[in-house]
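Participant: The structure follows.
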Amino acid sequence: MAREKTLTLKINGRRETATLPSHRTLLEALRGMGHVEVKSGCEKGDCGACAVLVDGAAVDSCLTLAWTVEGRAITTVAGLGDADSPHPLQQAFADTGAAQCGYCTPGLIVAAQSMLNDNPDPDEDDIRLALGGNLCRCTGYTKVFEAVGQAAMAMKARGGDS
Amino acid sequence: MTQQSPANVEFRQVGKALTRTDAPGKTTGRTPYAGDYAMPGMLHAKVLRAPAASARLKRIDASKARALEGVACVLTGPDLPDRLAPTDIPGQTGQKRMDTGQPILVRDRVRYFGEPLALIAAETRDIAEKAMELIDYELEPVPGVYDPEAALRPGAPIVQGKDNVVASQKMRKGDIGKGFAAADLIVESTYTSQFIEHAFLEPEVGLAWVDENEVINIRVATQVIEHFRGIADAIGVPHNKVRIRGAMVGGGFGGKEDVTVETYLAVLAKHTMRPVRLEFTREDSFLGHGKRHPFRMTYKTGVKKDGTITALEVRMLADAGAYVFLSPYVLLYAAVAAPGPYRVDNLFVDGKAVATNNMFTSAFRGFGGAQACIAYEQQMDEVAAALGMDRIEFRRRNYLKTGEMLATGVPIQSAVWTEECVDRAMAALGAPSEAPHPAARIGRGVAAYQQSYGRITWLHDTSECWVGVEVDGTVVVRSGVTDIGAGQISALGQIAAELLGVGLDDVVIYNSDSAVTPLAGTTTATRALYMTGNACRMAAATLRERLVERAAASFGVAPGDVDMAGNRAFVIGRPDTSMPFVDLVKLCAADGVHRSELAIFRAPFTDPIDPETGQGQVHPDYTYGAHAVEVAVDIETGEVTVLKSIGAHDVGQAINPAAVEGQIEGGAAQGQGYALSEEMLYEEGRLVTPSFSEYLMPTSMDMPLVQSIILESRSGLGPFGAKGIGEPSLTPVAPAIANAVADAIGTRVFELPITPERVVNAIGEKQGVQT
């Protein structure tokens, strides 16, 4: 049998414990723990649907072993906001119609947040580059660029108030 | 034909880019997809696939796999009843067309690479994967055929039927001989297109269980909940013992139109009597569902010097792959679309769909109409060039106009705004871009199209929708329609809100359950808004009449004097004489007024077309429009960059303009991949592009900002005069890009995709000819 270990993961600000074998990916672990907002699209790091933030930077959770992120801050799209208190990216994706089938949306929002953590004032090329690892088959990306640009402005305005 | 809206209704919800009802859940990760459901005691399933495209299964032994601890069930071909998997066109009329079945699991003959050999259900996915390796089988190679032309030759290996021809389609109009005799010039070319993968981001997935009534429930990502009938037939249970419960679908594009995981789940749940979950890997998905048909299309056009088309002769050959699936219908669509949105008095079309040992081909957004457009719009540019005429002017002289007859001999039902769409799209290209570097050549291209919305009229299509009002003034819509991401259900909400004078937030839509939501038919064929939108509109309009009548009685006026808006009922012109909507609903409840309505919408029903001439009605109606692009081609590397991409479409009436733009933008991206980079490659039937690192779709780095121009003739057969836009948005994109590349480099690449290698070769051949 594969070696197993009980580890504590910090997911969306809460500590959760799971017993996992060494080969278990973060994607499998998160979904197995009920975080099904993290989507599986290819399990090969090609599509970006499974992206989550680890200490603020987007990673493909399908390529990350769960054992390697113990103690680090893991944030899924659900950890950014909810329907009552949406994150500016979530609000902008909804307002602009950037989510169609919605399956790639959690990964796109996470990748956009990762970029905004480093670069709060992105231009269109910055946005394109940041989302280059996230495939979307519905939108053609036009409204996605618009949503990320809108969210960046909203976050800057909000940041400016504080 | 179009139903008129009540005279006292102005649009308050329809035509507005409202935030879709499904958006908050999708953007916060709260929306459950079919793969997000689990049940206690659930088993995990896998499909073992044949690693050969043409072979005989000599033996298969699953005993070692069955003996593995944690394996609940292994099924092979001999374990299943002698029935076929459902592969014919799905629908509510149960019209069976031909024997198109495929064994659920291979019994003796493997006909395509990846054909399922065995099903495994185990306690964990790891165990199921281990068990797959323990299944012992022997495949004996059998000569196969991998090219439709080769499959037609005498002595070719037979894959299906007696001669591999799985469908033929003719169109005959006028006198083709006289037409060519009258021509001043004849142009002939052959255009080819490739296998294309849907590549929805959500792989096929489902969860099945048997409930307390012995009903097999299947929660599944599908475009078609009506498959419950075919699944029941395949596993040998009555239709009322299979229930499909959909979920928000993570993309479809025709790839979840056929049955995918459902039959496997149903047999495993029936055998184990435990919940079973099956999720395809990406490679399973690529191997597990049909692709877009490659077409080889030879176009021969006769024209007069003034640009009038006198004759068109078209020969089409489609690769159907190893099983029939929807090939006959795709071929029919292609043949009907063959002349495009142009007046052709003398027409001859012969099409064939031919079986090979390649992956089977079936529905894909555009459904044959897209392939035809690739040919007719490139041909239009070639003919214009041969005439020395401007390519827009040449088209202008041949556009079908409102009120004219289709090539199938029936009048067009709606407005034809092709010319407006082409002109608007071209104008929006603006000033030509500067070449970004010395080796870059700028080119422009446009394509117009005619693409159906609604199903083939001899399928006698219907759709049902129920609308009800709760006593607190909230609204419930129930309809079986599946939502594959285009905003199908949110549009129903806007329609109901419009007619009942409430907000979209006041409406909840229950959908996609074959047992408890009224059957709405498939989300395919650009029919969901047309069909279910009309049913919703009818139900809501009836309900509205009852509510208005009750309000009029309270106000002491005639019903025609009452309107409803802003969650109030009021007398028109006397806003002070009003009551809250919720109070009106309570009055109705107290009086026993029926506060719900179930409506059925019926598309036009016709008999099939004449098989010898193709004359007769095929579709309810058509959408018209155009796409224009500007590209930069690097003549040294052959790389094509799309700089501008503009869709102009007459959608009749946009119910939600943001959703319409979403279709146009997404269609632009899929069409761009179709033109430039995407190809499912098979070598002797074996898939050599099994992942997203080999199958290359446009990314955020490749797509320009797409511009949408929405025209509204209000002439369509859908609710409030809407037409359909789901498929039409994609159809003209690839030929527009092909025409732009030809414009840039002065020669044409006749094969899609237009890869850098093909561009460089075409330039080299042109220079070779010139030197």
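Within each chain, counting starts at residue 1; across the structure tokens, chains are named A, B, ... in the order shown, with ligands numbered 1 upward in that order.
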Counting only C-alpha atoms, which residues of chain B sit at most 6 Å from some atom of chain A, and what is each one's closest atom pair with its distance in Å to one decimal, listed by chain and rising residue number, as CSV?

Facilitator:
residue,atom,partner,partner_atom,distance
B:Thr19,CA,A:Asp95,CA,5.4
B:Ala23,CA,A:Ala94,CA,5.0
B:Pro24,CA,A:Ala83,CA,5.8
B:Lys26,CA,A:Gly102,CA,5.3
B:Thr27,CA,A:Gln90,CA,5.1
B:Thr28,CA,A:Ala78,CA,5.4
B:Gly29,CA,A:Glu37,CA,4.6
B:Asp36,CA,A:Val36,CA,5.8
B:Leu201,CA,A:Gly41,CA,5.5
B:Glu202,CA,A:Gly41,CA,5.7
B:Gly250,CA,A:Cys101,CA,4.9
B:Gly251,CA,A:Cys101,CA,5.4
B:Arg282,CA,A:Cys42,CA,5.1
B:Ile484,CA,A:Cys101,CA,5.9
B:Gly485,CA,A:Cys101,CA,3.5
B:Ala486,CA,A:Gln100,CA,5.8
B:Gly662,CA,A:Thr139,CA,5.7
B:Glu665,CA,A:Gly140,CA,5.1
B:Gly666,CA,A:Thr139,CA,4.3
B:Ala669,CA,A:Gly140,CA,4.8
B:Phe692,CA,A:Asp46,CA,5.8
B:Ser700,CA,A:Arg128,CA,5.2
B:Met701,CA,A:Arg128,CA,5.5
B:Leu705,CA,A:Thr142,CA,5.2

Participant: Store the residues picked out above in a file with N, CA, C and O atoms, as a short mmCIF file (atom, residue, chain, number, x, y, z; two decimals), in the first residue's frame.

Facilitator:
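New file selection32.cif:
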data_model
loop_
_atom_site.label_atom_id
_atom_site.label_comp_id
_atom_site.auth_asym_id
_atom_site.auth_seq_id
_atom_site.Cartn_x
_atom_site.Cartn_y
_atom_site.Cartn_z
N THR B 19 -27.70 40.48 -15.69
CA THR B 19 -26.82 39.44 -15.14
C THR B 19 -27.60 38.13 -15.11
O THR B 19 -28.70 38.07 -14.57
N ALA B 23 -25.15 33.18 -13.14
CA ALA B 23 -23.82 33.79 -12.99
C ALA B 23 -23.29 33.78 -11.55
O ALA B 23 -22.13 33.43 -11.33
N PRO B 24 -24.09 34.17 -10.54
CA PRO B 24 -23.51 34.20 -9.18
C PRO B 24 -22.99 32.83 -8.73
O PRO B 24 -21.91 32.73 -8.15
N LYS B 26 -21.95 30.34 -10.58
CA LYS B 26 -20.77 29.92 -11.34
C LYS B 26 -19.52 30.70 -10.97
O LYS B 26 -18.42 30.17 -10.96
N THR B 27 -19.67 31.97 -10.64
CA THR B 27 -18.49 32.78 -10.35
C THR B 27 -17.99 32.59 -8.92
O THR B 27 -16.84 32.95 -8.63
N THR B 28 -18.82 32.07 -8.05
CA THR B 28 -18.39 31.84 -6.67
C THR B 28 -18.09 30.37 -6.41
O THR B 28 -17.73 30.00 -5.30
N GLY B 29 -18.25 29.53 -7.42
CA GLY B 29 -17.94 28.11 -7.27
C GLY B 29 -19.04 27.32 -6.59
O GLY B 29 -18.84 26.18 -6.20
N ASP B 36 -19.85 16.78 -9.43
CA ASP B 36 -19.67 17.24 -8.05
C ASP B 36 -20.58 16.50 -7.07
O ASP B 36 -20.56 16.77 -5.87
N LEU B 201 -14.68 22.04 -21.46
CA LEU B 201 -13.72 21.92 -20.34
C LEU B 201 -14.14 20.84 -19.34
O LEU B 201 -13.30 20.29 -18.64
N GLU B 202 -15.42 20.55 -19.28
CA GLU B 202 -15.90 19.51 -18.35
C GLU B 202 -15.95 18.17 -19.07
O GLU B 202 -16.79 17.97 -19.93
N GLY B 250 -20.91 21.73 -18.33
CA GLY B 250 -19.67 22.46 -18.54
C GLY B 250 -19.24 22.46 -20.00
O GLY B 250 -18.13 22.08 -20.34
N GLY B 251 -20.13 22.90 -20.85
CA GLY B 251 -19.86 22.99 -22.29
C GLY B 251 -20.37 21.77 -23.03
O GLY B 251 -20.32 20.64 -22.53
N ARG B 282 -9.45 13.28 -19.64
CA ARG B 282 -9.44 14.05 -20.90
C ARG B 282 -9.17 13.12 -22.07
O ARG B 282 -9.79 13.24 -23.13
N ILE B 484 -26.39 24.55 -21.36
CA ILE B 484 -25.01 24.14 -21.66
C ILE B 484 -24.07 25.35 -21.66
O ILE B 484 -22.96 25.27 -22.16
N GLY B 485 -24.54 26.45 -21.08
CA GLY B 485 -23.64 27.57 -20.87
C GLY B 485 -24.00 28.82 -21.65
O GLY B 485 -23.42 29.87 -21.43
N ALA B 486 -24.97 28.72 -22.55
CA ALA B 486 -25.33 29.88 -23.36
C ALA B 486 -26.36 30.76 -22.67
O ALA B 486 -26.79 31.75 -23.24
N GLY B 662 -21.81 36.85 -26.19
CA GLY B 662 -21.04 35.70 -25.72
C GLY B 662 -20.99 34.60 -26.76
O GLY B 662 -19.95 33.96 -26.97
N GLU B 665 -18.69 35.89 -29.64
CA GLU B 665 -17.27 35.88 -29.25
C GLU B 665 -16.75 34.44 -29.17
O GLU B 665 -15.64 34.13 -29.62
N GLY B 666 -17.55 33.56 -28.58
CA GLY B 666 -17.13 32.17 -28.48
C GLY B 666 -17.08 31.48 -29.82
O GLY B 666 -16.18 30.67 -30.09
N ALA B 669 -13.91 32.34 -31.53
CA ALA B 669 -12.74 31.60 -31.05
C ALA B 669 -12.74 30.17 -31.60
O ALA B 669 -11.70 29.67 -32.05
N PHE B 692 -4.53 18.33 -24.51
CA PHE B 692 -4.54 19.74 -24.89
C PHE B 692 -3.15 20.27 -25.23
O PHE B 692 -3.02 21.41 -25.69
N SER B 700 -5.81 32.74 -24.54
CA SER B 700 -5.93 34.19 -24.33
C SER B 700 -4.86 34.96 -25.10
O SER B 700 -5.02 36.14 -25.37
N MET B 701 -3.77 34.28 -25.46
CA MET B 701 -2.70 34.93 -26.20
C MET B 701 -3.02 35.04 -27.70
O MET B 701 -2.37 35.77 -28.43
N LEU B 705 -9.72 40.95 -29.43
CA LEU B 705 -11.01 41.32 -28.83
C LEU B 705 -12.05 41.22 -29.94
O LEU B 705 -11.93 41.88 -30.97
#

Participant: Residues of range 48-130 of chain B classed as helix (DSSP H, G or I) by DSSP on the backbone are to be reported as number ranges by chain.

Facilitator: B: 63-67, 77-79, 125-130

Participant: Could you name the residues that touch Gly533 in chain B at 10 Å or less, counting only C-alpha atoms, but leaving out those on the same chain fewer than 3 positions away, as an mmCIF file with all heavy atoms, in the first residue's frame?

Facilitator:
data_model
loop_
_atom_site.group_PDB
_atom_site.id
_atom_site.type_symbol
_atom_site.label_atom_id
_atom_site.label_comp_id
_atom_site.auth_asym_id
_atom_site.auth_seq_id
_atom_site.Cartn_x
_atom_site.Cartn_y
_atom_site.Cartn_z
ATOM 1 N N SER B 463 -41.852 21.348 -27.662
ATOM 2 C CA SER B 463 -41.173 21.720 -26.424
ATOM 3 C C SER B 463 -42.210 22.190 -25.415
ATOM 4 O O SER B 463 -43.162 22.885 -25.765
ATOM 5 C CB SER B 463 -40.163 22.846 -26.685
ATOM 6 O OG SER B 463 -39.422 23.109 -25.517
ATOM 7 N N GLU B 464 -41.985 21.809 -24.168
ATOM 8 C CA GLU B 464 -42.941 22.170 -23.122
ATOM 9 C C GLU B 464 -42.285 23.042 -22.057
ATOM 10 O O GLU B 464 -41.099 22.892 -21.758
ATOM 11 C CB GLU B 464 -43.504 20.919 -22.446
ATOM 12 C CG GLU B 464 -44.362 20.083 -23.369
ATOM 13 C CD GLU B 464 -44.915 18.845 -22.675
ATOM 14 O OE1 GLU B 464 -45.279 18.940 -21.486
ATOM 15 O OE2 GLU B 464 -44.956 17.806 -23.330
ATOM 16 N N CYS B 465 -43.106 23.904 -21.481
ATOM 17 C CA CYS B 465 -42.634 24.750 -20.381
ATOM 18 C C CYS B 465 -43.821 25.073 -19.476
ATOM 19 O O CYS B 465 -44.945 25.263 -19.952
ATOM 20 C CB CYS B 465 -42.016 26.048 -20.931
ATOM 21 S SG CYS B 465 -41.259 27.087 -19.670
ATOM 22 N N VAL B 481 -35.425 21.716 -20.346
ATOM 23 C CA VAL B 481 -34.307 22.206 -21.164
ATOM 24 C C VAL B 481 -32.983 22.128 -20.398
ATOM 25 O O VAL B 481 -32.919 22.451 -19.211
ATOM 26 C CB VAL B 481 -34.592 23.654 -21.639
ATOM 27 C CG1 VAL B 481 -34.630 24.620 -20.471
ATOM 28 C CG2 VAL B 481 -33.581 24.106 -22.677
ATOM 29 N N GLN B 488 -29.334 29.406 -21.496
ATOM 30 C CA GLN B 488 -30.632 28.881 -21.919
ATOM 31 C C GLN B 488 -31.728 29.141 -20.884
ATOM 32 O O GLN B 488 -32.819 29.586 -21.225
ATOM 33 C CB GLN B 488 -30.525 27.367 -22.205
ATOM 34 C CG GLN B 488 -29.976 27.023 -23.579
ATOM 35 C CD GLN B 488 -28.453 26.914 -23.629
ATOM 36 O OE1 GLN B 488 -27.765 27.078 -22.641
ATOM 37 N NE2 GLN B 488 -27.929 26.652 -24.818
ATOM 38 N N ILE B 489 -31.445 28.835 -19.602
ATOM 39 C CA ILE B 489 -32.541 28.961 -18.628
ATOM 40 C C ILE B 489 -32.741 30.408 -18.193
ATOM 41 O O ILE B 489 -33.863 30.818 -17.922
ATOM 42 C CB ILE B 489 -32.371 28.012 -17.420
ATOM 43 C CG1 ILE B 489 -31.167 28.362 -16.566
ATOM 44 C CG2 ILE B 489 -32.324 26.555 -17.875
ATOM 45 C CD1 ILE B 489 -31.147 27.616 -15.235
ATOM 46 N N ALA B 491 -32.599 32.913 -20.067
ATOM 47 C CA ALA B 491 -33.446 33.525 -21.105
ATOM 48 C C ALA B 491 -34.917 33.240 -20.823
ATOM 49 O O ALA B 491 -35.775 34.112 -21.008
ATOM 50 C CB ALA B 491 -33.057 33.004 -22.485
ATOM 51 N N LEU B 492 -35.208 32.016 -20.359
ATOM 52 C CA LEU B 492 -36.600 31.705 -20.005
ATOM 53 C C LEU B 492 -37.053 32.609 -18.868
ATOM 54 O O LEU B 492 -38.200 33.084 -18.851
ATOM 55 C CB LEU B 492 -36.736 30.236 -19.583
ATOM 56 C CG LEU B 492 -36.365 29.172 -20.611
ATOM 57 C CD1 LEU B 492 -36.666 27.777 -20.052
ATOM 58 C CD2 LEU B 492 -37.102 29.386 -21.927
ATOM 59 N N GLY B 493 -36.155 32.846 -17.917
ATOM 60 C CA GLY B 493 -36.484 33.731 -16.808
ATOM 61 C C GLY B 493 -36.799 35.139 -17.288
ATOM 62 O O GLY B 493 -37.757 35.764 -16.821
ATOM 63 N N GLN B 494 -36.024 35.632 -18.240
ATOM 64 C CA GLN B 494 -36.285 36.981 -18.760
ATOM 65 C C GLN B 494 -37.629 37.051 -19.471
ATOM 66 O O GLN B 494 -38.348 38.043 -19.374
ATOM 67 C CB GLN B 494 -35.155 37.421 -19.713
ATOM 68 C CG GLN B 494 -33.972 38.017 -18.964
ATOM 69 C CD GLN B 494 -32.895 38.588 -19.887
ATOM 70 O OE1 GLN B 494 -31.913 37.911 -20.156
ATOM 71 N NE2 GLN B 494 -33.056 39.817 -20.356
ATOM 72 N N ILE B 495 -37.954 35.993 -20.198
ATOM 73 C CA ILE B 495 -39.225 35.962 -20.926
ATOM 74 C C ILE B 495 -40.400 35.947 -19.942
ATOM 75 O O ILE B 495 -41.364 36.712 -20.084
ATOM 76 C CB ILE B 495 -39.256 34.742 -21.876
ATOM 77 C CG1 ILE B 495 -38.244 34.937 -23.006
ATOM 78 C CG2 ILE B 495 -40.668 34.517 -22.419
ATOM 79 C CD1 ILE B 495 -37.942 33.681 -23.809
ATOM 80 N N ALA B 496 -40.300 35.095 -18.919
ATOM 81 C CA ALA B 496 -41.387 35.028 -17.928
ATOM 82 C C ALA B 496 -41.489 36.340 -17.163
ATOM 83 O O ALA B 496 -42.602 36.846 -16.923
ATOM 84 C CB ALA B 496 -41.143 33.859 -16.971
ATOM 85 N N ALA B 520 -38.674 19.359 -22.732
ATOM 86 C CA ALA B 520 -38.495 20.525 -23.596
ATOM 87 C C ALA B 520 -37.748 20.182 -24.874
ATOM 88 O O ALA B 520 -37.606 21.014 -25.757
ATOM 89 C CB ALA B 520 -37.737 21.617 -22.841
ATOM 90 N N ARG B 527 -31.990 25.326 -31.024
ATOM 91 C CA ARG B 527 -33.435 25.264 -30.887
ATOM 92 C C ARG B 527 -33.947 25.662 -29.511
ATOM 93 O O ARG B 527 -35.149 25.844 -29.331
ATOM 94 C CB ARG B 527 -33.951 23.854 -31.209
ATOM 95 C CG ARG B 527 -33.565 22.834 -30.155
ATOM 96 C CD ARG B 527 -34.158 21.448 -30.400
ATOM 97 N NE ARG B 527 -35.565 21.312 -30.070
ATOM 98 C CZ ARG B 527 -36.075 21.332 -28.835
ATOM 99 N NH1 ARG B 527 -35.294 21.517 -27.785
ATOM 100 N NH2 ARG B 527 -37.377 21.176 -28.640
ATOM 101 N N ALA B 528 -33.078 25.760 -28.503
ATOM 102 C CA ALA B 528 -33.572 25.922 -27.131
ATOM 103 C C ALA B 528 -34.368 27.207 -26.973
ATOM 104 O O ALA B 528 -35.481 27.193 -26.452
ATOM 105 C CB ALA B 528 -32.420 25.856 -26.136
ATOM 106 N N LEU B 529 -33.816 28.330 -27.430
ATOM 107 C CA LEU B 529 -34.549 29.588 -27.291
ATOM 108 C C LEU B 529 -35.781 29.593 -28.193
ATOM 109 O O LEU B 529 -36.870 29.968 -27.769
ATOM 110 C CB LEU B 529 -33.647 30.779 -27.631
ATOM 111 C CG LEU B 529 -34.372 32.129 -27.604
ATOM 112 C CD1 LEU B 529 -34.867 32.466 -26.208
ATOM 113 C CD2 LEU B 529 -33.475 33.239 -28.135
ATOM 114 N N TYR B 530 -35.593 29.169 -29.437
ATOM 115 C CA TYR B 530 -36.717 29.142 -30.381
ATOM 116 C C TYR B 530 -37.868 28.302 -29.837
ATOM 117 O O TYR B 530 -39.004 28.778 -29.745
ATOM 118 C CB TYR B 530 -36.216 28.604 -31.723
ATOM 119 C CG TYR B 530 -37.270 28.077 -32.675
ATOM 120 C CD1 TYR B 530 -38.425 28.816 -32.949
ATOM 121 C CD2 TYR B 530 -37.104 26.847 -33.309
ATOM 122 C CE1 TYR B 530 -39.390 28.317 -33.829
ATOM 123 C CE2 TYR B 530 -38.052 26.354 -34.180
ATOM 124 C CZ TYR B 530 -39.204 27.087 -34.429
ATOM 125 O OH TYR B 530 -40.143 26.595 -35.288
ATOM 126 N N CYS B 536 -42.301 28.891 -23.143
ATOM 127 C CA CYS B 536 -42.305 29.713 -21.928
ATOM 128 C C CYS B 536 -43.165 30.952 -22.130
ATOM 129 O O CYS B 536 -43.961 31.339 -21.276
ATOM 130 C CB CYS B 536 -40.865 30.105 -21.579
ATOM 131 S SG CYS B 536 -40.726 31.095 -20.082
ATOM 132 N N ARG B 537 -42.996 31.536 -23.293
ATOM 133 C CA ARG B 537 -43.743 32.743 -23.619
ATOM 134 C C ARG B 537 -45.248 32.457 -23.652
ATOM 135 O O ARG B 537 -46.052 33.246 -23.149
ATOM 136 C CB ARG B 537 -43.268 33.213 -24.991
ATOM 137 C CG ARG B 537 -43.749 34.556 -25.369
ATOM 138 C CD ARG B 537 -43.251 34.896 -26.761
ATOM 139 N NE ARG B 537 -43.866 36.132 -27.149
ATOM 140 C CZ ARG B 537 -45.149 36.255 -27.396
ATOM 141 N NH1 ARG B 537 -45.922 35.207 -27.346
ATOM 142 N NH2 ARG B 537 -45.648 37.433 -27.715
ATOM 143 N N MET B 538 -45.613 31.313 -24.240
ATOM 144 C CA MET B 538 -47.027 30.938 -24.309
ATOM 145 C C MET B 538 -47.596 30.711 -22.911
ATOM 146 O O MET B 538 -48.697 31.182 -22.589
ATOM 147 C CB MET B 538 -47.179 29.660 -25.145
ATOM 148 C CG MET B 538 -46.908 29.862 -26.629
ATOM 149 S SD MET B 538 -46.589 28.282 -27.482
ATOM 150 C CE MET B 538 -48.227 27.555 -27.456
ATOM 151 N N ALA B 539 -46.861 29.970 -22.079
ATOM 152 C CA ALA B 539 -47.348 29.689 -20.723
ATOM 153 C C ALA B 539 -47.478 30.978 -19.929
ATOM 154 O O ALA B 539 -48.494 31.221 -19.258
ATOM 155 C CB ALA B 539 -46.390 28.720 -20.030
ATOM 156 N N PHE B 601 -45.121 24.071 -27.350
ATOM 157 C CA PHE B 601 -44.895 24.742 -28.630
ATOM 158 C C PHE B 601 -44.536 23.691 -29.661
ATOM 159 O O PHE B 601 -43.717 22.803 -29.393
ATOM 160 C CB PHE B 601 -43.774 25.772 -28.529
ATOM 161 C CG PHE B 601 -43.442 26.420 -29.844
ATOM 162 C CD1 PHE B 601 -44.287 27.377 -30.399
ATOM 163 C CD2 PHE B 601 -42.310 26.051 -30.557
ATOM 164 C CE1 PHE B 601 -44.001 27.954 -31.632
ATOM 165 C CE2 PHE B 601 -42.015 26.622 -31.779
ATOM 166 C CZ PHE B 601 -42.866 27.576 -32.325
ATOM 167 N N ILE B 655 -32.679 38.406 -26.746
ATOM 168 C CA ILE B 655 -33.355 38.343 -25.442
ATOM 169 C C ILE B 655 -32.410 38.913 -24.388
ATOM 170 O O ILE B 655 -32.807 39.711 -23.561
ATOM 171 C CB ILE B 655 -33.755 36.890 -25.104
ATOM 172 C CG1 ILE B 655 -34.648 36.300 -26.222
ATOM 173 C CG2 ILE B 655 -34.446 36.817 -23.738
ATOM 174 C CD1 ILE B 655 -35.927 37.028 -26.493
ATOM 175 N N GLY B 718 -38.846 32.644 -33.240
ATOM 176 C CA GLY B 718 -38.700 32.476 -31.799
ATOM 177 C C GLY B 718 -39.479 33.521 -31.035
ATOM 178 O O GLY B 718 -40.190 34.342 -31.628
ATOM 179 N N PRO B 719 -39.368 33.525 -29.702
ATOM 180 C CA PRO B 719 -40.116 34.486 -28.892
ATOM 181 C C PRO B 719 -39.731 35.919 -29.233
ATOM 182 O O PRO B 719 -38.545 36.220 -29.369
ATOM 183 C CB PRO B 719 -39.720 34.120 -27.454
ATOM 184 C CG PRO B 719 -38.449 33.338 -27.584
ATOM 185 C CD PRO B 719 -38.509 32.633 -28.898
ATOM 186 N N PHE B 720 -40.717 36.766 -29.397
ATOM 187 C CA PHE B 720 -40.526 38.197 -29.706
ATOM 188 C C PHE B 720 -39.764 38.408 -31.017
ATOM 189 O O PHE B 720 -39.093 39.417 -31.198
ATOM 190 C CB PHE B 720 -39.820 38.923 -28.549
ATOM 191 C CG PHE B 720 -40.476 38.690 -27.218
ATOM 192 C CD1 PHE B 720 -39.944 37.801 -26.303
ATOM 193 C CD2 PHE B 720 -41.669 39.331 -26.905
ATOM 194 C CE1 PHE B 720 -40.573 37.563 -25.086
ATOM 195 C CE2 PHE B 720 -42.300 39.099 -25.685
ATOM 196 C CZ PHE B 720 -41.743 38.212 -24.784
ATOM 197 N N ALA B 722 -37.302 36.421 -32.164
ATOM 198 C CA ALA B 722 -35.908 35.982 -32.083
ATOM 199 C C ALA B 722 -35.616 34.899 -33.118
ATOM 200 O O ALA B 722 -36.477 34.086 -33.453
ATOM 201 C CB ALA B 722 -35.608 35.440 -30.687
#

Participant: Report as number ranges by chain: the residues of range 302-346 of chain B with a DSSP assignment of strand (DSSP E or B), based on the backbone of this structure.

Facilitator: B: 302-303, 309-321, 342

Participant: For range 228-244 of chain B, please output as number ranges by chain all residues within 9 Å (counting only C-alpha atoms; exclusion window: fewer than 5 positions along the same chain).

Facilitator: B: 80-88, 90, 94, 104, 213-220, 259, 262-263, 266-267, 270, 512-515

Participant: Name the closest residue to Val142 in chain B among the candidates B:Ala675, B:Ile225, B:Ala55, B:Leu326; distances are taken between atoms, counting only C-alpha atoms.

Facilitator: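 Nearest to Val142 in chain B: B:Ala55.
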
Participant: List the spatial neighbours of Asp60 in chain A as a ChimeraX atom specification - criterion: any atom at most 8 Å away, only C-alpha atoms, same-chain residues fewer than 2 positions off excluded.

Facilitator: /A:45,48-52,58,62-64

Participant: Please provide as a list in words all residues within 6 Å of Cys421 in chain B, with the sequence filter that same-chain residues fewer than 5 positions apart are discarded (counting only C-alpha atoms).

Facilitator: Gly625, Ala626, Ala648 and His649 of chain B

Participant: Ile158 in chain B: which residues within 12 Å, counting only C-alpha atoms, same-chain residues fewer than 4 positions away excluded, as JSON, numbers by chain?

Facilitator: {"B": [54, 109, 111, 142, 143, 144, 145, 146, 148, 150, 151, 152, 153, 154, 162, 163, 164, 165, 166, 321, 322, 323, 354, 355, 356, 357]}

Participant: How far is it from CA of Val303 in chain B to CA of Ala353 in chain B, in Å with one decimal?

Facilitator: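 About the pair CA of Val303 in chain B and CA of Ala353 in chain B: they are 29.0 Å apart.
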
Participant: Using CA of Arg172 in chain B and CA of Leu400 in chain B as the two end points, give the distance in Å to one decimal.

Facilitator: 17.9 Å
